[in-house]
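Text of protein.pdb (PDB, C-alpha atoms) as supplied:
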```pdb
MODEL        1
ATOM      1  CA  ILE A 211    -160.579-122.289 135.627
ATOM      2  CA  ASN A 212    -156.859-122.769 136.181
ATOM      3  CA  PHE A 213    -156.205-126.309 137.428
ATOM      4  CA  SER A 214    -152.455-125.868 137.893
ATOM      5  CA  ASN A 215    -151.185-127.822 140.906
ATOM      6  CA  LYS A 216    -154.601-129.487 141.218
ATOM      7  CA  THR A 217    -155.107-133.266 141.230
ATOM      8  CA  VAL A 218    -158.409-134.384 139.695
ATOM      9  CA  ALA A 219    -160.158-137.765 139.420
ATOM     10  CA  LEU A 220    -163.137-138.158 137.094
ATOM     11  CA  PHE A 221    -166.236-140.318 137.174
ATOM     12  CA  GLY A 222    -169.315-140.504 134.987
ATOM     13  CA  CYS A 223    -172.569-142.418 134.584
ATOM     14  CA  GLY A 224    -173.703-144.169 131.426
ATOM     15  CA  ASP A 225    -175.809-146.962 129.914
ATOM     16  CA  GLN A 226    -173.752-149.412 127.843
ATOM     17  CA  GLU A 227    -176.796-151.006 126.197
ATOM     18  CA  ASP A 228    -179.120-148.142 125.240
ATOM     19  CA  TYR A 229    -176.236-145.763 124.519
ATOM     20  CA  SER A 230    -173.625-148.267 123.393
ATOM     21  CA  GLU A 231    -172.416-146.168 120.426
ATOM     22  CA  TYR A 232    -171.509-143.148 122.586
ATOM     23  CA  PHE A 233    -171.087-144.681 126.020
ATOM     24  CA  CYS A 234    -170.302-141.933 128.538
ATOM     25  CA  ASP A 235    -168.951-139.612 125.830
ATOM     26  CA  ALA A 236    -169.593-136.520 127.963
ATOM     27  CA  LEU A 237    -166.777-137.487 130.328
ATOM     28  CA  SER A 238    -164.275-136.843 127.540
ATOM     29  CA  VAL A 239    -165.440-133.220 127.300
ATOM     30  CA  ILE A 240    -164.625-132.671 130.973
ATOM     31  CA  TYR A 241    -161.342-134.566 130.608
ATOM     32  CA  LYS A 242    -160.133-132.453 127.695
ATOM     33  CA  THR A 243    -161.167-129.194 129.344
ATOM     34  CA  ILE A 244    -159.403-129.734 132.670
ATOM     35  CA  LYS A 245    -156.350-131.281 130.989
ATOM     36  CA  LYS A 246    -156.064-128.199 128.778
ATOM     37  CA  ASN A 247    -156.139-126.147 131.971
ATOM     38  CA  LYS A 248    -153.105-128.006 133.376
ATOM     39  CA  ALA A 249    -154.784-130.404 135.846
ATOM     40  CA  LYS A 250    -153.001-133.533 137.022
ATOM     41  CA  ILE A 251    -155.544-136.263 136.210
ATOM     42  CA  ILE A 252    -155.533-139.559 138.095
ATOM     43  CA  GLY A 253    -157.891-142.523 138.432
ATOM     44  CA  GLU A 254    -158.037-144.051 134.969
ATOM     45  CA  TRP A 255    -160.400-147.045 135.013
ATOM     46  CA  PRO A 256    -160.067-150.413 133.168
ATOM     47  CA  THR A 257    -162.493-151.173 130.341
ATOM     48  CA  LYS A 258    -162.587-154.875 131.266
ATOM     49  CA  GLY A 259    -166.143-155.988 132.115
ATOM     50  CA  TYR A 260    -167.897-153.346 129.997
ATOM     51  CA  ILE A 261    -169.661-154.178 126.713
ATOM     52  CA  PHE A 262    -170.192-151.197 124.369
ATOM     53  CA  ASP A 263    -169.559-150.205 120.760
ATOM     54  CA  SER A 264    -167.621-146.971 121.178
ATOM     55  CA  SER A 265    -166.820-144.229 123.666
ATOM     56  CA  LYS A 266    -164.965-140.934 123.514
ATOM     57  CA  ALA A 267    -164.134-141.402 127.213
ATOM     58  CA  LEU A 268    -161.402-143.920 126.352
ATOM     59  CA  LEU A 269    -157.861-143.033 127.354
ATOM     60  CA  ASN A 270    -156.679-146.014 125.281
ATOM     61  CA  LYS A 271    -158.107-149.415 124.391
ATOM     62  CA  ASP A 272    -157.642-150.684 127.978
ATOM     63  CA  TYR A 273    -158.662-147.703 130.123
ATOM     64  CA  PHE A 274    -161.303-145.014 130.470
ATOM     65  CA  VAL A 275    -160.250-141.516 131.538
ATOM     66  CA  GLY A 276    -162.072-142.104 134.849
ATOM     67  CA  LEU A 277    -164.472-144.333 136.721
ATOM     68  CA  ILE A 278    -167.551-145.303 134.679
ATOM     69  CA  LEU A 279    -170.716-146.283 136.562
ATOM     70  CA  ASP A 280    -173.605-148.081 134.865
ATOM     71  CA  GLU A 281    -176.373-148.261 137.456
ATOM     72  CA  ASP A 282    -178.833-149.525 134.820
ATOM     73  CA  ARG A 283    -176.860-152.650 133.829
ATOM     74  CA  GLN A 284    -174.280-153.135 136.597
ATOM     75  CA  SER A 285    -175.875-151.851 139.791
ATOM     76  CA  ASP A 286    -174.606-154.968 141.597
ATOM     77  CA  GLN A 287    -171.037-153.682 141.209
ATOM     78  CA  THR A 288    -171.645-150.511 143.196
ATOM     79  CA  THR A 289    -170.706-150.945 146.829
ATOM     80  CA  TYR A 290    -172.910-149.416 149.518
ATOM     81  CA  ARG A 291    -171.041-148.493 152.699
ATOM     82  CA  LYS A 292    -171.885-147.099 156.088
ATOM     83  CA  ASP A 293    -170.158-147.006 159.462
ATOM     84  CA  VAL A 294    -172.502-146.822 162.445
ATOM     85  CA  TRP A 295    -171.113-145.817 165.844
ATOM     86  CA  THR A 296    -173.005-146.041 169.139
ATOM     87  CA  LEU A 297    -171.998-143.676 171.964
ATOM     88  CA  TYR A 298    -173.030-144.930 175.407
ATOM     89  CA  GLU A 299    -171.330-142.240 177.499
ATOM     90  CA  LEU A 300    -172.777-138.968 176.204
ATOM     91  CA  SER A 301    -173.651-136.325 178.789
ATOM     92  CA  TRP A 302    -174.166-132.559 178.971
ATOM     93  CA  LEU A 303    -175.911-129.981 181.215
ATOM     94  CA  ASN A 304    -179.238-128.202 180.790
ATOM     95  CA  LEU A 305    -179.437-124.459 181.486
ATOM     96  CA  ASP A 306    -180.098-125.154 185.188
ATOM     97  CA  GLY A 307    -176.911-127.194 185.420
ATOM     98  CA  LEU A 308    -178.715-130.539 185.696
ATOM     99  CA  PRO A 309    -176.788-133.353 183.955
ATOM    100  CA  GLN A 310    -178.478-134.876 180.920
ATOM    101  CA  ILE A 311    -177.653-138.259 179.371
ATOM    102  CA  ALA A 312    -178.464-140.038 176.137
ATOM    103  CA  ILE A 313    -177.203-142.741 173.834
ATOM    104  CA  ALA A 314    -176.216-141.495 170.397
ATOM    105  CA  ARG A 315    -176.073-143.238 167.046
ATOM    106  CA  ILE A 316    -173.708-141.691 164.521
ATOM    107  CA  GLU A 317    -173.767-142.802 160.882
ATOM    108  CA  PHE A 318    -170.784-141.974 158.697
ATOM    109  CA  ASP A 319    -171.803-142.167 155.043
ATOM    110  CA  VAL A 320    -169.764-143.464 152.124
ATOM    111  CA  THR A 321    -169.079-139.850 151.186
ATOM    112  CA  THR A 322    -166.796-139.286 154.189
ATOM    113  CA  ILE A 323    -163.135-138.930 153.287
ATOM    114  CA  ASN A 324    -161.571-139.440 156.724
ATOM    115  CA  ILE A 325    -161.850-142.149 159.384
ATOM    116  CA  ILE A 326    -162.208-140.789 162.922
ATOM    117  CA  GLU A 327    -160.065-142.567 165.500
ATOM    118  CA  SER A 328    -162.249-143.818 168.368
ATOM    119  CA  LYS A 329    -160.007-142.677 171.226
ATOM    120  CA  SER A 330    -159.994-139.111 169.913
ATOM    121  CA  LEU A 331    -163.781-139.261 169.516
ATOM    122  CA  LYS A 332    -164.145-140.355 173.153
ATOM    123  CA  LEU A 333    -162.037-137.407 174.329
ATOM    124  CA  TYR A 334    -164.116-135.075 172.165
ATOM    125  CA  ILE A 335    -167.426-136.464 173.497
ATOM    126  CA  ASN A 336    -166.235-136.091 177.099
ATOM    127  CA  SER A 337    -165.559-132.403 176.461
ATOM    128  CA  PHE A 338    -169.347-131.810 176.522
ATOM    129  CA  ASN A 339    -169.776-133.072 180.094
ATOM    130  CA  GLN A 340    -169.826-129.571 181.645
ATOM    131  CA  ILE A 341    -171.301-127.617 178.719
ATOM    132  CA  LYS A 342    -174.857-126.242 178.922
ATOM    133  CA  PHE A 343    -177.398-126.593 176.107
ATOM    134  CA  SER A 344    -180.977-125.295 176.253
ATOM    135  CA  LYS A 345    -182.171-128.133 173.985
ATOM    136  CA  SER A 346    -180.698-131.455 172.913
ATOM    137  CA  ILE A 347    -181.105-130.414 169.272
ATOM    138  CA  HIS A 348    -178.431-127.771 169.860
ATOM    139  CA  LEU A 349    -176.057-130.484 171.032
ATOM    140  CA  ILE A 350    -176.842-132.533 167.922
ATOM    141  CA  GLU A 351    -176.168-129.519 165.698
ATOM    142  CA  GLN A 352    -172.784-128.964 167.356
ATOM    143  CA  LEU A 353    -171.844-132.640 167.054
ATOM    144  CA  LYS A 354    -172.892-132.745 163.426
ATOM    145  CA  HIS A 355    -170.983-129.580 162.571
ATOM    146  CA  ASP A 356    -167.761-130.768 164.207
ATOM    147  CA  LEU A 357    -167.897-134.343 162.902
ATOM    148  CA  ASN A 358    -168.791-133.225 159.382
ATOM    149  CA  GLN A 359    -165.705-131.043 159.328
ATOM    150  CA  CYS A 360    -163.462-133.783 160.696
ATOM    151  CA  ALA A 361    -164.786-136.693 158.603
ATOM    152  CA  MET A 362    -165.278-134.462 155.544
ATOM    153  CA  GLY A 363    -168.553-136.038 154.474
ATOM    154  CA  LYS A 364    -172.148-136.677 155.430
ATOM    155  CA  VAL A 365    -172.727-137.528 159.101
ATOM    156  CA  CYS A 366    -176.136-138.301 160.654
ATOM    157  CA  ILE A 367    -176.741-138.216 164.421
ATOM    158  CA  LYS A 368    -179.704-139.404 166.469
ATOM    159  CA  LEU A 369    -180.158-139.399 170.256
ATOM    160  CA  PHE A 370    -182.044-142.085 172.195
ATOM    161  CA  ASN A 371    -183.219-142.037 175.783
ATOM    162  CA  LEU A 372    -182.455-145.055 177.961
ATOM    163  CA  ASN A 373    -185.998-146.458 177.757
ATOM    164  CA  GLU A 374    -185.797-146.669 173.980
ATOM    165  CA  VAL A 375    -182.591-148.672 174.153
ATOM    166  CA  GLU A 376    -183.728-150.911 177.006
ATOM    167  CA  ASN A 377    -186.890-151.830 175.110
ATOM    168  CA  ALA A 378    -184.788-152.921 172.122
ATOM    169  CA  GLY A 379    -183.347-155.808 174.162
ATOM    170  CA  ILE A 380    -180.499-158.158 173.261
ATOM    171  CA  SER A 381    -180.518-160.079 169.989
ATOM    172  CA  LYS A 382    -178.200-161.973 167.638
ATOM    173  CA  PHE A 383    -177.502-162.285 163.950
ATOM    174  CA  SER A 384    -179.878-164.510 162.030
ATOM    175  CA  GLY A 385    -178.516-167.392 159.967
ATOM    176  CA  ILE A 386    -175.942-170.138 160.406
ATOM    177  CA  CYS A 387    -173.171-169.812 162.980
ATOM    178  CA  ILE A 388    -169.949-171.225 161.475
ATOM    179  CA  ASP A 389    -167.949-171.281 164.739
ATOM    180  CA  ASN A 390    -168.566-174.824 165.957
ATOM    181  CA  LYS A 391    -166.156-176.608 163.635
ATOM    182  CA  ASN A 392    -163.737-179.353 164.637
ATOM    183  CA  ILE A 393    -160.698-177.794 163.000
ATOM    184  CA  SER A 394    -157.065-177.084 163.839
ATOM    185  CA  ILE A 395    -155.666-173.552 163.465
ATOM    186  CA  LYS A 396    -151.898-173.206 163.018
ATOM    187  CA  SER A 397    -151.529-169.667 161.663
ATOM    188  CA  TYR A 398    -153.002-166.360 162.726
ATOM    189  CA  ASN A 399    -151.561-164.244 159.925
ATOM    190  CA  TYR A 400    -154.026-162.584 157.575
ATOM    191  CA  ASN A 401    -154.410-164.695 154.434
ATOM    192  CA  LYS A 402    -157.139-164.056 151.871
ATOM    193  CA  LEU A 403    -156.132-167.194 149.947
ATOM    194  CA  LEU A 404    -157.808-169.285 152.656
ATOM    195  CA  LEU A 405    -161.147-168.355 151.085
ATOM    196  CA  LYS A 406    -162.704-170.786 148.647
ATOM    197  CA  THR A 407    -166.047-171.948 147.339
ATOM    198  CA  SER A 408    -167.373-175.476 147.586
ATOM    199  CA  SER A 409    -166.131-177.653 144.721
ATOM    200  CA  LYS A 410    -169.037-180.084 145.076
ATOM    201  CA  THR A 411    -171.665-178.021 143.317
ATOM    202  CA  GLN A 412    -172.060-175.044 141.000
ATOM    203  CA  GLN A 413    -175.566-174.430 142.348
ATOM    204  CA  VAL A 414    -176.353-170.848 143.338
ATOM    205  CA  VAL A 415    -177.344-170.552 146.996
ATOM    206  CA  THR A 416    -178.348-167.764 149.355
ATOM    207  CA  GLU A 417    -176.913-167.945 152.870
ATOM    208  CA  SER A 418    -176.616-165.798 155.969
ATOM    209  CA  LEU A 419    -173.507-166.843 157.906
ATOM    210  CA  TYR A 420    -172.026-165.372 161.043
ATOM    211  CA  SER A 421    -169.093-165.776 163.399
ATOM    212  CA  ASP A 422    -168.514-164.423 166.909
ATOM    213  CA  LEU A 423    -164.793-165.309 166.860
ATOM    214  CA  PHE A 424    -163.476-162.330 164.926
ATOM    215  CA  LYS A 425    -160.584-160.353 166.382
ATOM    216  CA  SER A 426    -158.304-157.743 164.894
ATOM    217  CA  ASN A 427    -156.146-155.078 166.534
ATOM    218  CA  CYS A 428    -156.176-151.295 166.621
ATOM    219  CA  PRO A 429    -153.284-149.944 164.505
ATOM    220  CA  VAL A 430    -152.831-147.039 166.939
ATOM    221  CA  THR A 431    -152.918-148.750 170.354
ATOM    222  CA  ASN A 432    -152.530-152.428 169.357
ATOM    223  CA  GLN A 433    -155.502-153.165 171.643
ATOM    224  CA  PRO A 434    -157.807-156.026 170.558
ATOM    225  CA  ASP A 435    -161.002-155.288 168.632
ATOM    226  CA  TRP A 436    -163.588-158.066 169.058
ATOM    227  CA  ALA A 437    -166.553-158.428 166.729
ATOM    228  CA  SER A 438    -169.333-160.587 165.378
ATOM    229  CA  ILE A 439    -169.385-160.734 161.574
ATOM    230  CA  ASN A 440    -172.483-161.420 159.470
ATOM    231  CA  ILE A 441    -171.947-162.416 155.817
ATOM    232  CA  ILE A 442    -175.011-162.606 153.563
ATOM    233  CA  TYR A 443    -174.496-163.682 149.983
ATOM    234  CA  THR A 444    -176.041-165.187 146.868
ATOM    235  CA  GLY A 445    -173.715-167.193 144.657
ATOM    236  CA  GLN A 446    -171.740-170.421 144.517
ATOM    237  CA  LYS A 447    -171.673-171.928 147.994
ATOM    238  CA  ILE A 448    -168.795-170.622 150.126
ATOM    239  CA  ASN A 449    -166.895-173.270 152.087
ATOM    240  CA  HIS A 450    -167.793-172.614 155.742
ATOM    241  CA  ILE A 451    -164.559-174.001 157.215
ATOM    242  CA  ALA A 452    -162.475-171.992 154.757
ATOM    243  CA  LEU A 453    -164.439-168.854 155.644
ATOM    244  CA  LEU A 454    -163.927-169.423 159.379
ATOM    245  CA  LYS A 455    -160.174-169.943 158.942
ATOM    246  CA  TYR A 456    -160.031-166.778 156.868
ATOM    247  CA  LEU A 457    -161.800-164.711 159.538
ATOM    248  CA  ILE A 458    -159.546-166.131 162.265
ATOM    249  CA  SER A 459    -156.490-165.137 160.200
ATOM    250  CA  PHE A 460    -157.213-161.499 161.180
ATOM    251  CA  ARG A 461    -156.370-162.329 164.814
ATOM    252  CA  THR A 462    -152.953-160.617 164.730
ATOM    253  CA  HIS A 463    -153.857-158.161 161.961
ATOM    254  CA  ASN A 464    -153.643-154.418 162.719
ATOM    255  CA  GLU A 465    -156.282-152.320 160.965
ATOM    256  CA  PHE A 466    -159.208-150.051 161.799
ATOM    257  CA  HIS A 467    -162.695-151.590 162.075
ATOM    258  CA  GLU A 468    -163.890-149.985 158.842
ATOM    259  CA  GLU A 469    -160.816-151.082 156.906
ATOM    260  CA  CYS A 470    -161.166-154.697 158.077
ATOM    261  CA  ILE A 471    -164.762-154.909 156.868
ATOM    262  CA  GLU A 472    -163.838-153.242 153.577
ATOM    263  CA  ARG A 473    -161.059-155.814 153.174
ATOM    264  CA  ILE A 474    -163.334-158.771 153.996
ATOM    265  CA  PHE A 475    -165.961-157.552 151.534
ATOM    266  CA  ASN A 476    -163.406-157.086 148.733
ATOM    267  CA  ASP A 477    -161.682-160.422 149.411
ATOM    268  CA  ILE A 478    -164.918-162.415 149.299
ATOM    269  CA  GLN A 479    -166.116-160.486 146.255
ATOM    270  CA  ASN A 480    -162.868-161.032 144.330
ATOM    271  CA  ILE A 481    -162.217-164.670 145.289
ATOM    272  CA  CYS A 482    -165.679-166.214 145.732
ATOM    273  CA  CYS A 483    -167.437-163.957 143.189
ATOM    274  CA  PRO A 484    -170.959-163.942 144.699
ATOM    275  CA  LYS A 485    -173.683-162.166 142.744
ATOM    276  CA  LYS A 486    -174.886-160.445 145.892
ATOM    277  CA  LEU A 487    -172.827-159.784 149.015
ATOM    278  CA  THR A 488    -173.249-157.991 152.324
ATOM    279  CA  VAL A 489    -170.702-157.932 155.165
ATOM    280  CA  TYR A 490    -171.959-156.480 158.450
ATOM    281  CA  ALA A 491    -169.931-156.284 161.661
ATOM    282  CA  ARG A 492    -170.879-155.355 165.196
ATOM    283  CA  TYR A 493    -167.806-154.677 167.298
ATOM    284  CA  ASN A 494    -167.683-154.944 171.069
ATOM    285  CA  ARG A 495    -167.874-151.716 172.986
ATOM    286  CA  ARG A 496    -164.545-150.110 173.871
ATOM    287  CA  GLY A 497    -164.296-146.846 175.792
ATOM    288  CA  GLY A 498    -168.080-146.449 175.747
ATOM    289  CA  ILE A 499    -168.259-146.689 171.947
ATOM    290  CA  ASP A 500    -169.133-149.542 169.615
ATOM    291  CA  ILE A 501    -168.509-149.377 165.859
ATOM    292  CA  ASN A 502    -170.680-151.279 163.394
ATOM    293  CA  PRO A 503    -169.584-150.972 159.742
ATOM    294  CA  TRP A 504    -171.230-152.659 156.769
ATOM    295  CA  ARG A 505    -170.473-153.040 153.073
ATOM    296  CA  SER A 506    -172.886-154.320 150.418
ATOM    297  CA  ASN A 507    -173.323-154.443 146.647
ATOM    298  CA  ILE A 508    -177.123-154.326 147.025
ATOM    299  CA  PHE A 509    -179.392-152.018 148.977
ATOM    300  CA  PHE A 510    -179.017-153.062 152.606
ATOM    301  CA  GLU A 511    -180.944-151.867 155.642
ATOM    302  CA  PRO A 512    -179.215-153.338 158.719
ATOM    303  CA  SER A 513    -181.143-154.281 161.797
ATOM    304  CA  PHE A 514    -179.535-152.323 164.619
ATOM    305  CA  VAL A 515    -179.572-155.285 166.967
ATOM    306  CA  ARG A 516    -177.553-155.069 170.148
ATOM    307  CA  LEU A 517    -175.572-158.279 170.536
ATOM    308  CA  ALA A 518    -174.885-159.969 173.871
ATOM    309  CA  ARG A 519    -171.285-158.723 174.048
ATOM    310  CA  GLN A 520    -172.317-155.142 173.292
TER
ENDMDL
END
```
How would this structure read if it were set down as structure tokens?
Amino acid sequence: INFSNKTVALFGCGDQEDYSEYFCDALSVIYKTIKKNKAKIIGEWPTKGYIFDSSKALLNKDYFVGLILDEDRQSDQTTYRKDVWTLYELSWLNLDGLPQIAIARIEFDVTTINIIESKSLKLYINSFNQIKFSKSIHLIEQLKHDLNQCAMGKVCIKLFNLNEVENAGISKFSGICIDNKNISIKSYNYNKLLLKTSSKTQQVVTESLYSDLFKSNCPVTNQPDWASINIIYTGQKINHIALLKYLISFRTHNEFHEECIERIFNDIQNICCPKKLTVYARYNRRGGIDINPWRSNIFFEPSFVRLARQ
């Protein structure tokens, strides 16, 4: 294969304990082959944090030729991601011209390359208002086809009738609400250095914390995006006041929902260093759509609760 004018990033899986003497050697075979065929190779990965005897996948003493994943020994360092959108204004026609309605849940998997802008999605969804489908499954197939092509990754879609949603009721995040603090806020500029752990103890704790005060802004329209954020972690105790100030610092920050949650997850992971971490957000509905992204370094099955402001 001729890789001229092609940009390639490599990744491989290995076990640095049981196969320490030839840790992920096979990746070097791929690297040499595509390099020989004139590929532009990017994505070298630091060796820091890995413990092994030798590997042919080394670019030099500090970097591998690509990302190395060890799910046997370092599964806690793999981030699970999903963005869940709820569509409340979905309608189409049956073959007799009778309007049909449903609420849709769309799940964008970690494999998706693109982020879909919510305003464009609303315009797209409204385009079905006068289109006839013999069965709702045909609508789902069309939605899945179009969104897969746009997001460039795995997209799952499920329709709910109104009774199913009404029976779910209104709920809230479980855990400790950190909002009721007697503190003074003087800056609303994003600042990850506000985060810190408690200096009183090195004891490992498990906590579920949440705040309803989160606000960021759409980078396209500059309109406010309001959300409740749930942070579940195991590690050295995170200072609750510091965490609240950090979340409030997003108040004038412009970034998409998914990017904000990715940033919060990475900031907490890098600064507070918990062993386990999940960040789950449920954003207020805007334009008939709410967006609910989550990031976790453990397997996480979110409860699709509908919060009071949704």
Q: Report the distance between atom CA of Trp302 of chain A and atom CA of Asn339 of chain A in Å, rounded to one decimal place.
A: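 That distance, rounded to one decimal, is 4.6 Å.
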Q: Could you expand the PyMOL selection byres ((chain A and resi 325-338) around 9) into the explicit residues it covers here, written as a PyMOL selection string?
A: chain A and resi 297+299-303+318+322-324+339-342+349+353+357+360-361+430+466+468+496-499+501
Q | Interatomic distance (Å, one decimal) between atom CA of Ser513 of chain A and atom CA of Ser459 of chain A | A |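 Distance reported for this atom pair: 27.0 Å.
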Q: List the neighbours of Leu457 of chain A out to 10 Å using all atoms listed in the file; skip same-chain residues closer than 4 positions along the sequence, and give me the result as a ChimeraX atom specification.
A: /A:398,400-402,404-405,421-426,439,451-453,461,474
(Q) To one decimal place in Å, what is the distance between atom CA of Ile261 of chain A and atom CA of Leu277 of chain A? (A) 15.0 Å
Q | Minimum-distance residue to Lys368 of chain A, chosen among A:Ser438, A:Thr431, A:Thr407, A:Ser346 (using all atoms listed in the file) | A | A:Ser346
Q: Run the PyMOL selection byres ((chain A and resi 406) around 12) against the file shown and list the residues it catches, as a ChimeraX atom specification.
A: /A:401-405,407-410,446-456,477-484
Using the incomplete input, complete segment 298-316 of chain A to the level of N, CA and C atoms; output as a short mmCIF file (atom, residue, chain, number, x, y, z; two decimals), in the frame of the given file.
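Wrote it out as out.cif, contents follow:
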```
data_model
loop_
_atom_site.label_atom_id
_atom_site.label_comp_id
_atom_site.auth_asym_id
_atom_site.auth_seq_id
_atom_site.Cartn_x
_atom_site.Cartn_y
_atom_site.Cartn_z
N TYR A 298 -172.28 -144.60 174.19
CA TYR A 298 -173.03 -144.93 175.41
C TYR A 298 -172.72 -143.98 176.56
N GLU A 299 -171.77 -143.09 176.39
CA GLU A 299 -171.33 -142.24 177.50
C GLU A 299 -171.41 -140.77 177.11
N LEU A 300 -172.56 -140.35 176.61
CA LEU A 300 -172.78 -138.97 176.20
C LEU A 300 -173.55 -138.22 177.29
N SER A 301 -173.00 -137.12 177.75
CA SER A 301 -173.65 -136.32 178.79
C SER A 301 -173.36 -134.85 178.59
N TRP A 302 -174.32 -134.00 179.03
CA TRP A 302 -174.17 -132.56 178.97
C TRP A 302 -175.04 -131.96 180.08
N LEU A 303 -175.11 -130.65 180.19
CA LEU A 303 -175.91 -129.98 181.22
C LEU A 303 -177.04 -129.19 180.56
N ASN A 304 -178.22 -129.13 181.25
CA ASN A 304 -179.24 -128.20 180.79
C ASN A 304 -178.93 -126.82 181.36
N LEU A 305 -179.75 -125.82 181.08
CA LEU A 305 -179.44 -124.46 181.49
C LEU A 305 -179.44 -124.28 182.99
N ASP A 306 -180.10 -125.21 183.72
CA ASP A 306 -180.10 -125.15 185.19
C ASP A 306 -178.92 -125.91 185.78
N GLY A 307 -178.07 -126.46 184.93
CA GLY A 307 -176.91 -127.19 185.42
C GLY A 307 -177.17 -128.65 185.74
N LEU A 308 -178.37 -129.14 185.42
CA LEU A 308 -178.72 -130.54 185.70
C LEU A 308 -178.13 -131.43 184.61
N PRO A 309 -177.35 -132.46 184.97
CA PRO A 309 -176.79 -133.35 183.96
C PRO A 309 -177.87 -134.05 183.12
N GLN A 310 -177.62 -134.16 181.86
CA GLN A 310 -178.48 -134.88 180.92
C GLN A 310 -177.67 -136.03 180.31
N ILE A 311 -178.34 -137.13 180.00
CA ILE A 311 -177.65 -138.26 179.37
C ILE A 311 -178.47 -138.79 178.20
N ALA A 312 -177.80 -139.40 177.28
CA ALA A 312 -178.46 -140.04 176.14
C ALA A 312 -177.49 -141.01 175.50
N ILE A 313 -178.03 -141.88 174.68
CA ILE A 313 -177.20 -142.74 173.83
C ILE A 313 -177.33 -142.22 172.41
N ALA A 314 -176.21 -142.08 171.74
CA ALA A 314 -176.22 -141.50 170.40
C ALA A 314 -175.83 -142.52 169.35
N ARG A 315 -176.48 -142.44 168.21
CA ARG A 315 -176.07 -143.24 167.05
C ARG A 315 -175.55 -142.29 165.99
N ILE A 316 -174.33 -142.52 165.55
CA ILE A 316 -173.71 -141.69 164.52
C ILE A 316 -173.48 -142.55 163.28
#
```
